[in-house]
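Data file: input-v4.csv. Format and content: CSV, C-alpha atoms.
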chain,number,residue,atom,x,y,z
A,468,MET,CA,-274.4,-44.9,127.7
A,469,THR,CA,-272.5,-47.2,125.4
A,470,HIS,CA,-271.0,-50.7,126.1
A,471,THR,CA,-267.3,-51.6,125.3
A,472,LEU,CA,-265.0,-54.5,126.1
A,473,SER,CA,-262.1,-53.8,128.4
A,474,GLU,CA,-258.7,-55.4,127.9
A,475,THR,CA,-259.7,-58.0,130.5
A,476,GLY,CA,-262.8,-58.9,128.4
A,477,ALA,CA,-265.3,-57.5,130.9
A,478,ASP,CA,-268.2,-55.6,129.6
A,479,VAL,CA,-268.0,-52.0,131.0
A,480,GLN,CA,-270.1,-48.9,130.4
A,481,ALA,CA,-268.4,-45.9,128.8
A,482,PRO,CA,-269.8,-42.5,129.8
A,483,ALA,CA,-271.9,-40.6,127.3
A,484,PRO,CA,-270.4,-37.5,125.8
A,485,ALA,CA,-271.0,-34.3,127.8
A,486,PRO,CA,-273.8,-32.1,126.5
A,487,GLY,CA,-272.6,-29.7,123.9
A,488,GLY,CA,-269.1,-31.1,123.9
A,489,GLY,CA,-269.3,-33.5,121.0
A,490,GLY,CA,-270.0,-33.0,117.3
A,491,GLY,CA,-268.9,-30.4,114.8
A,492,GLY,CA,-271.1,-27.7,116.3
A,493,GLY,CA,-269.4,-27.9,119.7
A,494,TYR,CA,-266.0,-27.7,118.1
A,495,PHE,CA,-267.0,-24.8,115.9
A,496,ARG,CA,-268.3,-22.8,118.9
A,497,PHE,CA,-265.0,-23.6,120.7
A,498,VAL,CA,-263.0,-22.2,117.7
A,499,LEU,CA,-265.2,-19.1,117.5
A,500,ARG,CA,-264.7,-18.5,121.3
A,501,ARG,CA,-261.0,-18.8,121.0
A,502,LEU,CA,-260.8,-16.6,117.9
A,503,GLY,CA,-262.9,-13.9,119.6
A,504,THR,CA,-260.7,-14.0,122.7
A,505,SER,CA,-257.6,-13.6,120.5
A,506,LEU,CA,-259.1,-10.6,118.7
A,507,VAL,CA,-260.0,-8.9,121.9
A,508,THR,CA,-256.6,-9.6,123.4
A,509,LEU,CA,-254.9,-8.2,120.2
A,510,PHE,CA,-257.0,-5.0,120.5
A,511,GLY,CA,-255.9,-4.6,124.1
A,512,ILE,CA,-252.3,-5.1,123.2
A,513,THR,CA,-252.4,-2.4,120.5
A,514,LEU,CA,-254.0,0.0,123.1
A,515,VAL,CA,-251.4,-0.8,125.8
A,516,SER,CA,-248.4,-0.7,123.5
A,517,PHE,CA,-249.4,2.5,121.9
A,518,GLY,CA,-250.2,4.1,125.3
A,519,LEU,CA,-246.8,3.1,126.8
A,520,GLY,CA,-245.1,4.6,123.7
A,521,VAL,CA,-246.9,7.8,124.2
A,522,LEU,CA,-246.1,8.0,127.9
A,523,VAL,CA,-242.3,7.9,127.2
A,524,PRO,CA,-241.0,11.0,129.0
A,525,LEU,CA,-238.5,11.9,126.2
A,526,ARG,CA,-239.6,13.3,122.9
A,527,PRO,CA,-238.7,11.3,119.7
A,528,GLU,CA,-237.2,14.3,117.9
A,529,THR,CA,-234.7,14.6,120.7
A,530,ALA,CA,-233.3,11.1,119.9
A,531,ASN,CA,-233.5,11.4,116.1
A,532,LEU,CA,-232.5,15.0,115.2
A,533,SER,CA,-229.1,16.6,115.5
A,534,GLN,CA,-228.5,19.5,117.8
A,535,GLN,CA,-228.5,21.9,114.9
A,536,ALA,CA,-231.9,20.6,113.7
A,537,LEU,CA,-233.3,20.7,117.3
A,538,SER,CA,-232.5,24.4,117.5
A,539,ASN,CA,-234.6,25.0,114.3
A,540,PRO,CA,-238.3,25.1,115.2
A,541,GLU,CA,-239.2,24.5,111.6
A,542,ALA,CA,-237.2,21.3,111.4
A,543,VAL,CA,-238.8,20.1,114.6
A,544,ALA,CA,-242.3,20.9,113.4
A,545,ALA,CA,-241.6,19.2,110.1
A,546,PHE,CA,-240.4,16.1,111.9
A,547,ARG,CA,-243.4,15.9,114.1
A,548,GLU,CA,-245.8,16.5,111.2
A,549,LYS,CA,-244.1,13.8,109.1
A,550,PHE,CA,-244.7,11.1,111.8
A,551,GLY,CA,-248.0,12.4,113.0
A,552,LEU,CA,-246.7,13.5,116.4
A,553,ASP,CA,-248.5,16.8,116.2
A,554,LEU,CA,-251.9,15.2,116.2
A,555,PRO,CA,-254.1,14.5,119.3
A,556,ILE,CA,-253.4,11.2,121.0
A,557,TRP,CA,-256.7,9.7,120.2
A,558,GLU,CA,-256.3,10.6,116.5
A,559,GLN,CA,-252.8,9.2,116.5
A,560,TYR,CA,-254.2,5.9,117.8
A,561,LEU,CA,-257.0,5.8,115.3
A,562,ARG,CA,-254.6,6.6,112.5
A,563,TYR,CA,-252.4,3.7,113.7
A,564,LEU,CA,-255.3,1.2,113.9
A,565,GLY,CA,-256.4,2.2,110.4
A,566,GLY,CA,-252.8,1.5,109.2
A,567,LEU,CA,-252.9,-1.9,110.9
A,568,PHE,CA,-256.0,-2.9,108.9
A,569,ARG,CA,-254.1,-2.0,105.7
A,570,GLY,CA,-251.0,-3.8,106.8
A,571,ASP,CA,-249.2,-0.4,107.2
A,572,LEU,CA,-247.2,-0.3,110.5
A,573,GLY,CA,-245.9,3.2,109.7
A,574,ILE,CA,-242.4,4.5,109.0
A,575,SER,CA,-239.4,3.8,111.2
A,576,GLN,CA,-237.8,7.0,112.5
A,577,GLN,CA,-234.4,5.3,112.8
A,578,THR,CA,-234.2,3.7,109.3
A,579,GLY,CA,-236.6,5.8,107.3
A,580,GLN,CA,-238.1,2.6,105.9
A,581,PRO,CA,-241.6,1.1,106.3
A,582,ILE,CA,-241.7,-0.9,109.5
A,583,ALA,CA,-243.4,-3.8,107.7
A,584,ALA,CA,-240.4,-4.1,105.4
A,585,ASP,CA,-237.9,-3.9,108.3
A,586,LEU,CA,-239.8,-6.6,110.2
A,587,ALA,CA,-240.0,-8.8,107.1
A,588,LYS,CA,-236.2,-8.4,106.9
A,589,TYR,CA,-235.4,-9.2,110.6
A,590,ALA,CA,-238.2,-11.6,111.6
A,591,PRO,CA,-236.8,-14.8,109.9
A,592,ALA,CA,-233.6,-14.6,111.9
A,593,THR,CA,-235.6,-14.4,115.2
A,594,LEU,CA,-238.0,-17.1,114.2
A,595,GLU,CA,-235.2,-19.5,113.3
A,596,LEU,CA,-233.5,-18.9,116.6
A,597,VAL,CA,-236.8,-19.2,118.6
A,598,LEU,CA,-237.9,-22.3,116.8
A,599,TRP,CA,-234.7,-24.2,117.4
A,600,ALA,CA,-234.6,-23.0,121.1
A,601,THR,CA,-238.2,-24.2,121.5
A,602,VAL,CA,-237.5,-27.6,120.0
A,603,LEU,CA,-234.5,-28.0,122.3
A,604,SER,CA,-236.2,-26.9,125.5
A,605,VAL,CA,-239.3,-29.0,124.8
A,606,LEU,CA,-237.4,-32.2,123.9
A,607,ILE,CA,-235.1,-31.9,126.9
A,608,GLY,CA,-237.6,-30.5,129.3
A,609,VAL,CA,-240.4,-33.0,128.5
A,610,SER,CA,-237.9,-35.9,128.7
A,611,LEU,CA,-236.5,-34.8,132.1
A,612,GLY,CA,-240.1,-34.1,133.3
A,613,ILE,CA,-241.3,-37.6,132.4
A,614,VAL,CA,-238.2,-39.2,134.1
A,615,ALA,CA,-238.7,-37.0,137.2
A,616,ALA,CA,-242.3,-37.9,137.5
A,617,TYR,CA,-241.6,-41.6,137.0
A,618,ALA,CA,-238.8,-41.6,139.6
A,619,ARG,CA,-240.6,-39.3,142.0
A,620,ASN,CA,-238.6,-38.4,145.2
A,621,ARG,CA,-235.5,-40.4,143.9
A,622,TRP,CA,-232.2,-39.1,142.7
A,623,PRO,CA,-233.4,-38.5,139.0
A,624,ASP,CA,-236.2,-36.4,140.4
A,625,HIS,CA,-233.9,-34.4,142.6
A,626,LEU,CA,-231.5,-33.8,139.8
A,627,ALA,CA,-234.3,-32.7,137.5
A,628,ARG,CA,-235.5,-30.2,140.2
A,629,VAL,CA,-232.0,-28.7,140.4
A,630,VAL,CA,-231.8,-28.3,136.6
A,631,SER,CA,-235.3,-26.7,136.7
A,632,LEU,CA,-234.3,-24.3,139.5
A,633,ILE,CA,-231.2,-23.2,137.6
A,634,GLY,CA,-233.1,-22.6,134.5
A,635,VAL,CA,-235.8,-20.5,136.3
A,636,SER,CA,-233.5,-18.6,138.5
A,637,LEU,CA,-230.7,-17.4,136.2
A,638,PRO,CA,-231.4,-14.3,134.1
A,639,THR,CA,-231.2,-14.8,130.3
A,640,TYR,CA,-228.7,-12.0,129.7
A,641,TRP,CA,-226.4,-13.4,132.4
A,642,LEU,CA,-226.5,-16.9,130.8
A,643,ALA,CA,-225.7,-15.3,127.4
A,644,LEU,CA,-222.8,-13.3,128.8
A,645,ILE,CA,-221.3,-16.3,130.6
A,646,GLY,CA,-221.9,-18.6,127.6
A,647,SER,CA,-220.3,-16.2,125.2
A,648,SER,CA,-217.3,-15.6,127.5
A,649,PHE,CA,-216.7,-19.3,128.2
A,650,PHE,CA,-217.4,-21.1,124.9
A,651,PHE,CA,-216.2,-18.3,122.6
A,652,ARG,CA,-213.6,-16.2,124.3
A,653,GLN,CA,-211.9,-18.8,126.5
A,654,LEU,CA,-212.4,-22.2,124.8
A,655,GLY,CA,-213.0,-21.0,121.2
A,656,TRP,CA,-215.4,-23.9,120.5
A,657,LEU,CA,-218.3,-21.9,119.1
A,658,PRO,CA,-218.7,-18.5,117.3
A,659,GLY,CA,-219.5,-15.5,119.4
A,660,SER,CA,-221.6,-13.3,117.1
A,661,GLY,CA,-223.4,-13.1,113.8
A,662,ARG,CA,-225.1,-15.8,111.8
A,663,LEU,CA,-222.2,-16.7,109.4
A,664,ASP,CA,-218.4,-16.6,109.4
A,665,ALA,CA,-216.8,-13.8,107.5
A,666,SER,CA,-215.3,-16.3,105.1
A,667,ALA,CA,-218.7,-17.8,104.2
A,668,THR,CA,-220.7,-16.5,101.3
A,669,PRO,CA,-224.3,-15.5,102.3
A,670,PRO,CA,-226.8,-17.6,100.4
A,671,PRO,CA,-229.6,-16.1,98.2
A,672,ARG,CA,-232.5,-15.2,100.5
A,673,VAL,CA,-235.4,-17.6,100.1
A,674,THR,CA,-236.8,-18.3,103.5
A,675,GLY,CA,-234.6,-16.0,105.6
A,676,PHE,CA,-233.6,-19.0,107.7
A,677,MET,CA,-229.9,-19.2,107.3
A,678,THR,CA,-229.7,-23.0,107.9
A,679,VAL,CA,-232.4,-23.6,105.3
A,680,ASP,CA,-231.1,-21.1,102.7
A,681,THR,CA,-227.6,-22.5,102.8
A,682,LEU,CA,-228.9,-26.0,102.2
A,683,LEU,CA,-231.0,-24.8,99.3
A,684,ALA,CA,-227.9,-23.1,97.9
A,685,GLY,CA,-226.0,-26.4,98.3
A,686,ASP,CA,-223.2,-24.6,100.2
A,687,VAL,CA,-222.1,-27.1,102.8
A,688,HIS,CA,-219.4,-24.8,104.3
A,689,ALA,CA,-221.9,-22.0,104.8
A,690,TRP,CA,-224.5,-24.5,106.3
A,691,GLY,CA,-221.9,-25.7,108.8
A,692,SER,CA,-221.1,-22.1,109.7
A,693,ALA,CA,-224.8,-21.3,110.1
A,694,VAL,CA,-225.4,-24.3,112.4
A,695,ALA,CA,-222.3,-23.4,114.5
A,696,HIS,CA,-223.5,-19.8,115.0
A,697,LEU,CA,-226.9,-21.1,116.0
A,698,ILE,CA,-225.9,-23.6,118.6
A,699,LEU,CA,-224.8,-21.2,121.4
A,700,PRO,CA,-227.7,-18.6,121.3
A,701,ALA,CA,-230.2,-21.4,120.9
A,702,MET,CA,-228.8,-23.4,123.8
A,703,ILE,CA,-228.9,-20.2,126.0
A,704,LEU,CA,-232.5,-19.6,125.2
A,705,ALA,CA,-233.4,-23.2,125.6
A,706,LEU,CA,-231.8,-23.3,129.0
A,707,SER,CA,-233.6,-20.2,130.2
A,708,ASN,CA,-236.9,-21.9,129.3
A,709,LEU,CA,-236.0,-25.4,130.3
A,710,GLY,CA,-237.1,-25.1,133.9
A,711,MET,CA,-240.7,-24.0,133.0
A,712,VAL,CA,-241.2,-26.9,130.6
A,713,LEU,CA,-239.7,-29.5,133.0
A,714,ARG,CA,-241.9,-28.4,135.9
A,715,PHE,CA,-245.1,-28.3,133.8
A,716,THR,CA,-244.4,-31.7,132.4
A,717,ARG,CA,-243.5,-33.3,135.8
A,718,SER,CA,-246.7,-31.9,137.3
A,719,ALA,CA,-248.9,-33.1,134.4
A,720,VAL,CA,-247.4,-36.6,134.3
A,721,LEU,CA,-247.7,-36.9,138.1
A,722,ASP,CA,-251.4,-36.0,137.7
A,723,GLY,CA,-251.7,-38.6,135.0
A,724,LEU,CA,-250.1,-41.3,137.2
A,725,ASN,CA,-252.9,-40.7,139.7
A,726,THR,CA,-255.8,-41.2,137.3
A,727,ASP,CA,-258.2,-44.2,137.5
A,728,ALA,CA,-256.9,-45.5,134.1
A,729,VAL,CA,-253.4,-45.8,135.4
A,730,LYS,CA,-254.5,-47.4,138.6
A,731,ALA,CA,-256.6,-50.0,136.6
A,732,ALA,CA,-253.6,-50.6,134.3
A,733,ARG,CA,-251.4,-51.3,137.3
A,734,VAL,CA,-253.9,-53.7,138.8
A,735,LYS,CA,-254.0,-55.6,135.6
A,736,GLY,CA,-250.2,-56.0,135.8
A,737,LEU,CA,-249.1,-54.0,132.9
A,738,PRO,CA,-245.4,-53.0,132.9
A,739,GLY,CA,-244.6,-49.7,134.6
A,740,ARG,CA,-243.0,-48.1,131.5
A,741,ARG,CA,-245.9,-49.1,129.4
A,742,VAL,CA,-248.3,-47.6,131.9
A,743,LEU,CA,-246.3,-44.4,132.0
A,744,MET,CA,-246.1,-43.9,128.2
A,745,ARG,CA,-249.5,-45.2,127.2
A,746,TYR,CA,-251.6,-43.7,129.9
A,747,ALA,CA,-249.9,-41.1,132.0
A,748,VAL,CA,-247.9,-39.3,129.3
A,749,ARG,CA,-250.9,-39.5,126.9
A,750,SER,CA,-253.2,-37.8,129.5
A,751,ALA,CA,-250.5,-35.1,130.0
A,752,SER,CA,-250.4,-34.3,126.2
A,753,SER,CA,-252.7,-31.3,126.5
A,754,PRO,CA,-250.6,-29.5,129.2
A,755,ILE,CA,-247.5,-30.3,127.2
A,756,ILE,CA,-248.9,-28.7,124.1
A,757,THR,CA,-249.9,-25.7,126.2
A,758,VAL,CA,-246.4,-25.3,127.7
A,759,THR,CA,-244.9,-25.6,124.2
A,760,ALA,CA,-246.9,-22.6,123.1
A,761,LEU,CA,-246.0,-20.7,126.3
A,762,SER,CA,-242.4,-21.5,125.6
A,763,PHE,CA,-242.5,-20.0,122.2
A,764,GLY,CA,-244.0,-16.8,123.4
A,765,PHE,CA,-241.5,-16.5,126.3
A,766,LEU,CA,-238.5,-17.1,124.0
A,767,LEU,CA,-239.8,-14.4,121.6
A,768,ALA,CA,-239.5,-11.9,124.4
A,769,ALA,CA,-236.2,-13.2,125.7
A,770,THR,CA,-234.4,-12.8,122.3
A,771,VAL,CA,-233.9,-9.1,123.0
A,772,TYR,CA,-231.0,-9.8,125.3
A,773,VAL,CA,-229.6,-12.8,123.4
A,774,GLU,CA,-229.7,-11.1,120.0
A,775,GLN,CA,-228.0,-8.0,121.3
A,776,ILE,CA,-225.2,-10.0,122.9
A,777,PHE,CA,-224.7,-12.3,120.0
A,778,ALA,CA,-225.3,-9.6,117.3
A,779,TRP,CA,-227.9,-11.9,115.8
A,780,GLY,CA,-229.6,-9.2,113.6
A,781,GLY,CA,-233.3,-10.2,114.3
A,782,LEU,CA,-236.4,-8.7,115.8
A,783,GLY,CA,-234.8,-8.5,119.3
A,784,GLN,CA,-231.9,-6.4,118.2
A,785,TYR,CA,-234.2,-4.2,116.1
A,786,ALA,CA,-236.5,-3.7,119.1
A,787,TYR,CA,-233.5,-2.8,121.2
A,788,ARG,CA,-232.3,-0.1,118.7
A,789,SER,CA,-235.9,1.2,118.4
A,790,ALA,CA,-236.2,1.5,122.2
A,791,THR,CA,-232.8,3.3,122.6
A,792,ASN,CA,-233.7,5.7,119.7
A,793,LEU,CA,-237.2,6.3,121.1
A,794,ASP,CA,-238.7,5.1,117.8
A,795,VAL,CA,-242.2,4.9,119.1
A,796,THR,CA,-243.8,3.8,115.9
A,797,ALA,CA,-241.4,0.9,115.5
A,798,ILE,CA,-241.8,-0.2,119.1
A,799,THR,CA,-245.6,-0.4,118.7
A,800,GLY,CA,-245.2,-2.2,115.4
A,801,ILE,CA,-242.9,-4.8,116.9
A,802,SER,CA,-245.2,-5.3,119.8
A,803,VAL,CA,-248.2,-5.9,117.6
A,804,VAL,CA,-246.3,-8.3,115.3
A,805,ILE,CA,-244.9,-10.4,118.2
A,806,ALA,CA,-248.4,-10.4,119.8
A,807,VAL,CA,-249.9,-11.7,116.5
A,808,ILE,CA,-247.3,-14.5,116.3
A,809,PHE,CA,-247.8,-15.4,119.9
A,810,LEU,CA,-251.6,-15.4,119.7
A,811,ALA,CA,-251.5,-17.5,116.5
A,812,VAL,CA,-249.3,-20.1,118.1
A,813,ASN,CA,-251.6,-20.2,121.2
A,814,PHE,CA,-254.7,-20.5,119.0
A,815,ILE,CA,-253.1,-23.5,117.2
A,816,ALA,CA,-252.1,-25.0,120.5
A,817,ASP,CA,-255.7,-24.6,121.8
A,818,LEU,CA,-257.0,-26.4,118.8
A,819,LEU,CA,-254.5,-29.2,119.1
A,820,ALA,CA,-255.1,-29.5,122.9
A,821,SER,CA,-258.8,-29.7,122.4
A,822,ALA,CA,-258.3,-32.5,119.8
A,823,PHE,CA,-256.4,-34.5,122.4
A,824,ASP,CA,-258.7,-33.7,125.2
A,825,PRO,CA,-262.3,-32.8,124.1
A,826,ARG,CA,-263.2,-31.7,127.7
A,827,ILE,CA,-261.2,-28.5,127.0
A,828,ARG,CA,-264.0,-27.4,124.7
A,829,LEU,CA,-266.4,-27.2,127.6
A,830,GLN,CA,-264.2,-25.0,129.8
Is it possible to express this structure as structure tokens?
Amino acid sequence: MTHTLSETGADVQAPAPAPGGGGGGGYFRFVLRRLGTSLVTLFGITLVSFGLGVLVPLRPETANLSQQALSNPEAVAAFREKFGLDLPIWEQYLRYLGGLFRGDLGISQQTGQPIAADLAKYAPATLELVLWATVLSVLIGVSLGIVAAYARNRWPDHLARVVSLIGVSLPTYWLALIGSSFFFRQLGWLPGSGRLDASATPPPRVTGFMTVDTLLAGDVHAWGSAVAHLILPAMILALSNLGMVLRFTRSAVLDGLNTDAVKAARVKGLPGRRVLMRYAVRSASSPIITVTALSFGFLLAATVYVEQIFAWGGLGQYAYRSATNLDVTAITGISVVIAVIFLAVNFIADLLASAFDPRIRLQ
């Protein structure tokens, strides 16, 4: 036990650290546990995604070969041999795992290009969209969640609950269709498709983020066009995720307001807003970090509808075309890449959350 001085000057005892929870060794074990869990999860994802691709009832050659080629048994056999479809299922899976370790995701049946090259081409567009949507949903959702918790059972809380219910209830594709129809077709305020106006010159590719590359190129007109094209799909995605962030934050802050530290601060007469931000919100930092990571993963999956409707040209649209063309290799490649991104974000979130709340390392 250690002795500290409270804000009132009284000598109080601080609890000793929990066994195994402090020090570099405890943190290192925590990191190893999280890393091991992520690797096991990734292996399971490769198995499930590959299995689902194999269980598709239609044959890939039916979706990719012409009727004339399908009537030629030699052309069909050559197609199946080229993509390893004539091998036993277990051998196809082991061959795919071996390729993953070498960074080889296979060849896309629809483009004829290495899937890794296709994903490197399309991923920046999706990441730019998802990052902006995550920032918007977290900033708005966390702010509304804090206000709702502070004004519990009053009109700000009721209004925040309505916003949360709308965000959770409405399908993403419906929001995208309504948003495109209203703001683009009827009002003409925002662009309806693509990432740049036809009159804008695409910048040299540096990061793949259109807003960043146009700035690096010093093209103000193209930058304004890129921002305008980003607003509507990013807002649609943010709105679809806003309800989850708001509800998580409200619940976490309400829990924080019921802690002993908050009760002691109120007894000492500290202002309500100071108590809220210094104690309640701080204690809710770990759940907020967690919901931010969850938001990123949710939005990665939701981009399929939004990108297709807004012709965004990212991983979502590539995944949609792969699914419609029964490009099994591309589908499994996309699944693994998105899983890796999601697991990496969650791993970082776990490390940050444990830094704010060391008790997480003991769970």
Closest atom pairs, residues of stretch 499-616 of chain A within 12 Å of stretch 725-740 of chain A, all atoms listed in the file, as JSON lines:
{"residue": "A:Ile613", "atom": "CA", "partner": "A:Arg740", "partner_atom": "CA", "distance": 10.7}
{"residue": "A:Val614", "atom": "CA", "partner": "A:Arg740", "partner_atom": "CA", "distance": 10.4}
{"residue": "A:Ala616", "atom": "CA", "partner": "A:Asn725", "partner_atom": "CA", "distance": 11.2}
Restrict the selected residues to C-alpha atoms and save them as a short mmCIF file (atom, residue, chain, number, x, y, z; two decimals), in the frame of the given file.
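Resulting contents of part_14.cif:
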data_model
loop_
_atom_site.label_atom_id
_atom_site.label_comp_id
_atom_site.auth_asym_id
_atom_site.auth_seq_id
_atom_site.Cartn_x
_atom_site.Cartn_y
_atom_site.Cartn_z
CA ILE A 613 -241.30 -37.60 132.40
CA VAL A 614 -238.20 -39.20 134.10
CA ALA A 616 -242.30 -37.90 137.50
#
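Among the candidate residues A:Leu706, A:Val597, A:Val635, A:Ile798, the one lying nearest to A:Gly518 is A:Ile798, with distances computed using all atoms listed in the file.
Between A:Val609 and the candidates A:Thr796, A:Ser802, A:Ser660, A:Ser631, the tightest atom-to-atom separation, counting all atoms listed in the file, involves A:Ser631.
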Q. Which one is closest to A:Ile755: A:Phe715, A:Tyr560, A:Tyr589, A:Phe497? Count all atoms listed in the file.
A. A:Phe715
(Q) Can you measure atom CA of A:Ser752 to atom CA of A:Val720 for me? One decimal in Å is fine. (A) 8.9 Å
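The gap separating atom CA of A:Ala689 from atom CA of A:Leu663 is 7.0 Å, in Å to one decimal.
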Q: Have a look at A:Arg662, A:His625, A:Arg496, A:Arg569 and name the one nearest to A:Arg717; count only C-alpha atoms.
A: A:His625
Q: Could you please determine the separation between atom CA of A:Leu594 and atom CA of A:Leu654 in Å, to one decimal place?
A: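 One can read the atom CA of A:Leu594 to atom CA of A:Leu654 distance as 28.2 Å.
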Q.
Would you pick out the contacts of A:Pro700 at 12 Å or less, using all atoms listed in the file, so that residues sharing its chain but fewer than 2 positions from it are not included, and give the list as number ranges by chain?
A. A: 592-593, 595-601, 603, 639-640, 642-647, 650-651, 657-662, 693-698, 702-707, 766, 769-779
Q.
So that I can see what lies close to stretch 666-674 of chain A, please list as a list in words the residues with an atom at most 9 Å from it, counting all atoms listed in the file and leaving out residues fewer than 5 positions away in the same chain.
A. Pro591, Val679, Asp680, Thr681, Leu682, Leu683, Ala684, Asp686, His688, Ala689 and Ser692 of chain A
(Q) Using all atoms listed in the file for the distances, tell me which of A:Ser505, A:Gln559, A:Asn813, A:Gln577 is nearest to A:Tyr785. (A) A:Gln577
Q. Of the residues A:Ser604, A:Asn620, A:Ser516, A:Thr791, which is the one nearest to A:Ala701, using all atoms listed in the file?
A.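 Result for the nearest residue to A:Ala701: A:Ser604.
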(Q) List the spatial neighbours of A:Gly608 as a PyMOL selection string - criterion: any atom at most 8 Å away, all atoms listed in the file, same-chain residues fewer than 5 positions off excluded. (A) chain A and resi 709-710+712-713+716
Q. Can you tell me, as JSON, numbers by chain, what residues are no more than 9 Å from A:Ile815 when counting only C-alpha atoms, ignoring any on the same chain fewer than 5 positions away?
A. {"A": [760, 810, 820]}
